[in-house]
Amino acid sequence: MKNLIINTIVLALTLTTTQSFATDANTAMAERINQQLKAPGRDQYDAIKDPGRKPFEVVQFFGVKEGMTVLDMFTGAGYNTEIFSAAVGEKGIVYAQNYHFVLQLINGARHKSMLARLVNGRLPNVRYMVVDAEDMPFEGNVDVAYWGFNMHDVYNSVEAHEGEGGVQKYLRSMYRALKPGGIVGISDHVGEAGYDNVEFHRIEIRIIKDMLEKAGFVVEATSDLLGNSNDDHSQSIYGEGLRYNTDRILVRARKPK
Ligand SMILES: C[S@@+](CC[C@H](N)C(=O)[O-])C[C@H]1O[C@@H](n2cnc3c(N)ncnc32)[C@H](O)[C@@H]1O
């Protein structure tokens with residue numbers, strides 16, 4: 001009986017200590033991200049995106065922790081890379097990837113913005129690379145691989161990016177990059193069956209899940225953290241009042257152990 005009481009007390013203390021470590025770590029990460037939002041040298045469009053992207057909450061949902069290695073697939077101009085950089089802190093690493101198509105996209109504007117973000121050793125824990133998905137040099141060393149607001153482009157853009165085959169190529173590369181048990185995070189603009197999602201730059205949630213499962217991931221959770229019930233999915237993401245404010249879904253999945 002006495003042993004049972006002692007064990008119970010020890011367990012309670014351990015849980016309390018573990019919880020307070022987790023809370024401290026979360027507070028510290030939130031603080032690093034908040035500081036980063038005010039840091040000089042961010043891209044001119046970042047601040048416009050901040051309110052609609054809820055960076056700390058999103059990073060939490062995808063399970064990013066201090067010291068982790070994160071892969072930001074198709075980083076574009078690097079909004080998320082900058083957030084991940086603050087989230088993982090100086091002991092972590094962020095691999096920011098763009099495929100070669102980025103050099104053609106808007107005369108390479110997103111690539112140039114990404115380079116500008118990194119001048120003079122800004123974001124020292126970030127490694128930027130322009131490399132196609134199949135040539136990425138990672139093998140099982142990544143904790144979290146994130147692919148933001150781009151699956152719809154690859155899935156829908158048949159002429160340039162092979163539709164479903166292109167998405168699978170991407171997801172397979174992320175699968176290879178991840179550690180066993182590692183997390184893949186997808187965010188995208190919600191599309192609805194029956195609408196022209198190609199024209200609207202959207203994708204159905206069931207297609208995102210299906211793509212992940214076909215690539216061997218186990219879907220774990222979805223979140224409407226970036227949801228907007230005023231967006232009825234019936235117009236383009238660039239429609240009136242929708243820019244940076246669409247109904248967006250987050251999907252978290254895991255590479256099996
Ligand atoms: C918003 S960026 C996503 C960058 C970054 N991952 C993020 O979350 O901020 C994706 C944009 O790049 C362009 N894009 C990227 N890949 C494309 C493709 N395969 N076909 C057409 N447009 C593409 C589109 O303009 C699209 O809106």
# chains A, B, ... in the order shown; residues from 1 in each chain; ligands from 1

call {"tool": "residues_around", "arguments": {"residues": "region 199-203 of chain A", "least_positions_apart": "3", "cutoff": "6 Å", "atoms": "only C-alpha atoms", "output": "PyMOL selection string"}}
result
chain A and resi 152+189-191+196+235-237

call {"tool": "residues_near_ligand", "arguments": {"ligand": "ligand 1", "cutoff": "7 Å", "atoms": "only C-alpha atoms and all ligand atoms", "output": "ChimeraX atom specification"}}
result
/A:73-80,105,147-150,153-154,157,160-161

call {"tool": "closest_residue", "arguments": {"among": "A:Lys214, A:Lys91, A:Arg252, A:Arg117", "to": "Gln60 (chain A)", "atoms": "only C-alpha atoms"}}
result
A:Arg252

call {"tool": "residues_around", "arguments": {"residues": "Thr69 (chain A)", "least_positions_apart": "4", "cutoff": "9 Å", "atoms": "only C-alpha atoms", "output": "count of residues only"}}
result
11

call {"tool": "atom_distance", "arguments": {"atom1": "CA of Lys179 (chain A)", "atom2": "CA of Gly63 (chain A)"}}
result
13.9 Å

call {"tool": "select_by_dssp", "arguments": {"residues": "region 19-255 of chain A", "states": "alpha helix (DSSP H)", "output": "PyMOL selection string"}}
result
chain A and resi 19-37+46-53+55-61+79-88+109-117+151-156+158-161+163-177+197-200+205-214

call {"tool": "closest_residue", "arguments": {"among": "A:Ala47, A:Val131, A:Ile207, A:Ala177", "to": "Met151 (chain A)", "atoms": "only C-alpha atoms"}}
result
A:Ile207

call {"tool": "residues_around", "arguments": {"residues": "Glu220 (chain A)", "least_positions_apart": "3", "cutoff": "12 Å", "atoms": "only C-alpha atoms", "output": "PDB file with N, CA and C atoms, in the first residue's frame"}}
result
ATOM      1  N   PHE A  61       0.306  22.354 -34.433  1.00  0.00           N
ATOM      2  CA  PHE A  61      -0.531  21.287 -34.994  1.00  0.00           C
ATOM      3  C   PHE A  61       0.328  20.255 -35.731  1.00  0.00           C
ATOM      4  N   PHE A  62       1.367  20.746 -36.417  1.00  0.00           N
ATOM      5  CA  PHE A  62       2.204  19.815 -37.178  1.00  0.00           C
ATOM      6  C   PHE A  62       3.301  19.170 -36.311  1.00  0.00           C
ATOM      7  N   GLY A  63       3.302  19.466 -35.026  1.00  0.00           N
ATOM      8  CA  GLY A  63       4.203  18.757 -34.100  1.00  0.00           C
ATOM      9  C   GLY A  63       5.655  19.191 -34.176  1.00  0.00           C
ATOM     10  N   GLY A 181       8.128   7.174 -38.396  1.00  0.00           N
ATOM     11  CA  GLY A 181       7.312   7.874 -37.398  1.00  0.00           C
ATOM     12  C   GLY A 181       7.264   9.376 -37.616  1.00  0.00           C
ATOM     13  N   GLY A 182       7.984   9.865 -38.625  1.00  0.00           N
ATOM     14  CA  GLY A 182       8.010  11.307 -38.911  1.00  0.00           C
ATOM     15  C   GLY A 182       6.673  11.807 -39.471  1.00  0.00           C
ATOM     16  N   ILE A 183       6.520  13.111 -39.407  1.00  0.00           N
ATOM     17  CA  ILE A 183       5.229  13.712 -39.754  1.00  0.00           C
ATOM     18  C   ILE A 183       5.286  14.425 -41.098  1.00  0.00           C
ATOM     19  N   VAL A 184       4.228  14.242 -41.894  1.00  0.00           N
ATOM     20  CA  VAL A 184       4.071  15.063 -43.094  1.00  0.00           C
ATOM     21  C   VAL A 184       2.883  15.992 -42.843  1.00  0.00           C
ATOM     22  N   GLY A 185       3.059  17.272 -43.158  1.00  0.00           N
ATOM     23  CA  GLY A 185       1.991  18.263 -42.968  1.00  0.00           C
ATOM     24  C   GLY A 185       1.616  18.899 -44.291  1.00  0.00           C
ATOM     25  N   ILE A 186       0.322  18.919 -44.557  1.00  0.00           N
ATOM     26  CA  ILE A 186      -0.178  19.533 -45.794  1.00  0.00           C
ATOM     27  C   ILE A 186      -1.144  20.645 -45.416  1.00  0.00           C
ATOM     28  N   LYS A 209      -6.227  13.489 -48.618  1.00  0.00           N
ATOM     29  CA  LYS A 209      -6.067  12.284 -47.777  1.00  0.00           C
ATOM     30  C   LYS A 209      -5.730  11.068 -48.630  1.00  0.00           C
ATOM     31  N   LEU A 212      -2.157  11.086 -49.733  1.00  0.00           N
ATOM     32  CA  LEU A 212      -1.248  10.729 -48.631  1.00  0.00           C
ATOM     33  C   LEU A 212      -1.260   9.224 -48.388  1.00  0.00           C
ATOM     34  N   GLU A 213      -2.460   8.651 -48.390  1.00  0.00           N
ATOM     35  CA  GLU A 213      -2.561   7.210 -48.129  1.00  0.00           C
ATOM     36  C   GLU A 213      -1.916   6.415 -49.254  1.00  0.00           C
ATOM     37  N   PHE A 217       1.457   7.002 -46.245  1.00  0.00           N
ATOM     38  CA  PHE A 217       1.311   7.680 -44.951  1.00  0.00           C
ATOM     39  C   PHE A 217       0.008   7.259 -44.259  1.00  0.00           C
ATOM     40  N   SER A 223      -7.329  19.755 -39.415  1.00  0.00           N
ATOM     41  CA  SER A 223      -7.662  20.916 -38.597  1.00  0.00           C
ATOM     42  C   SER A 223      -8.217  22.022 -39.469  1.00  0.00           C
ATOM     43  N   LEU A 250      -5.760  21.895 -42.844  1.00  0.00           N
ATOM     44  CA  LEU A 250      -4.453  21.329 -42.486  1.00  0.00           C
ATOM     45  C   LEU A 250      -4.637  19.828 -42.315  1.00  0.00           C
ATOM     46  N   VAL A 251      -3.746  19.057 -42.894  1.00  0.00           N
ATOM     47  CA  VAL A 251      -3.807  17.594 -42.734  1.00  0.00           C
ATOM     48  C   VAL A 251      -2.455  17.107 -42.212  1.00  0.00           C
ATOM     49  N   ARG A 252      -2.511  16.348 -41.119  1.00  0.00           N
ATOM     50  CA  ARG A 252      -1.277  15.780 -40.551  1.00  0.00           C
ATOM     51  C   ARG A 252      -1.295  14.270 -40.748  1.00  0.00           C
ATOM     52  N   ALA A 253      -0.185  13.742 -41.259  1.00  0.00           N
ATOM     53  CA  ALA A 253      -0.091  12.287 -41.468  1.00  0.00           C
ATOM     54  C   ALA A 253       1.292  11.829 -41.014  1.00  0.00           C
ATOM     55  N   ARG A 254       1.443  10.509 -40.891  1.00  0.00           N
ATOM     56  CA  ARG A 254       2.684   9.985 -40.331  1.00  0.00           C
ATOM     57  C   ARG A 254       3.258   8.861 -41.201  1.00  0.00           C
ATOM     58  N   LYS A 255       4.574   8.855 -41.307  1.00  0.00           N
ATOM     59  CA  LYS A 255       5.239   7.700 -41.925  1.00  0.00           C
ATOM     60  C   LYS A 255       5.241   6.586 -40.882  1.00  0.00           C
ATOM     61  N   PRO A 256       4.769   5.396 -41.218  1.00  0.00           N
ATOM     62  CA  PRO A 256       4.721   4.331 -40.191  1.00  0.00           C
ATOM     63  C   PRO A 256       6.119   4.022 -39.644  1.00  0.00           C
TER      64      PRO A 256
END

call {"tool": "atom_distance", "arguments": {"atom1": "CA of Asn197 (chain A)", "atom2": "CA of Asp224 (chain A)"}}
result
19.1 Å

call {"tool": "residues_around", "arguments": {"residues": "Ser173 (chain A)", "least_positions_apart": "5", "cutoff": "12 Å", "atoms": "only C-alpha atoms", "output": "PyMOL selection string"}}
result
chain A and resi 71+73+97+131-140+142+145-147+166-168+178+184+215-216+255

call {"tool": "select_by_dssp", "arguments": {"residues": "region 46-185 of chain A", "states": "strand (DSSP E or B)", "output": "ChimeraX atom specification"}}
result
/A:69-73,93-98,126-130,142-148,178-185

call {"tool": "residues_around", "arguments": {"residues": "Met114 (chain A)", "least_positions_apart": "5", "cutoff": "12 Å", "atoms": "only C-alpha atoms", "output": "NGL selection string"}}
result
:A and (41-46 or 74-82 or 96-98 or 102-103 or 108-109 or 119 or 122-123 or 126-130)

call {"tool": "closest_residue", "arguments": {"among": "A:Ser20, A:Asn107, A:Asn125, A:Ser113", "to": "Ala86 (chain A)", "atoms": "only C-alpha atoms"}}
result
A:Asn125

call {"tool": "closest_residue", "arguments": {"among": "A:Val70, A:Ile83, A:Ala116, A:Ala22", "to": "Gln36 (chain A)", "atoms": "only C-alpha atoms"}}
result
A:Ile83
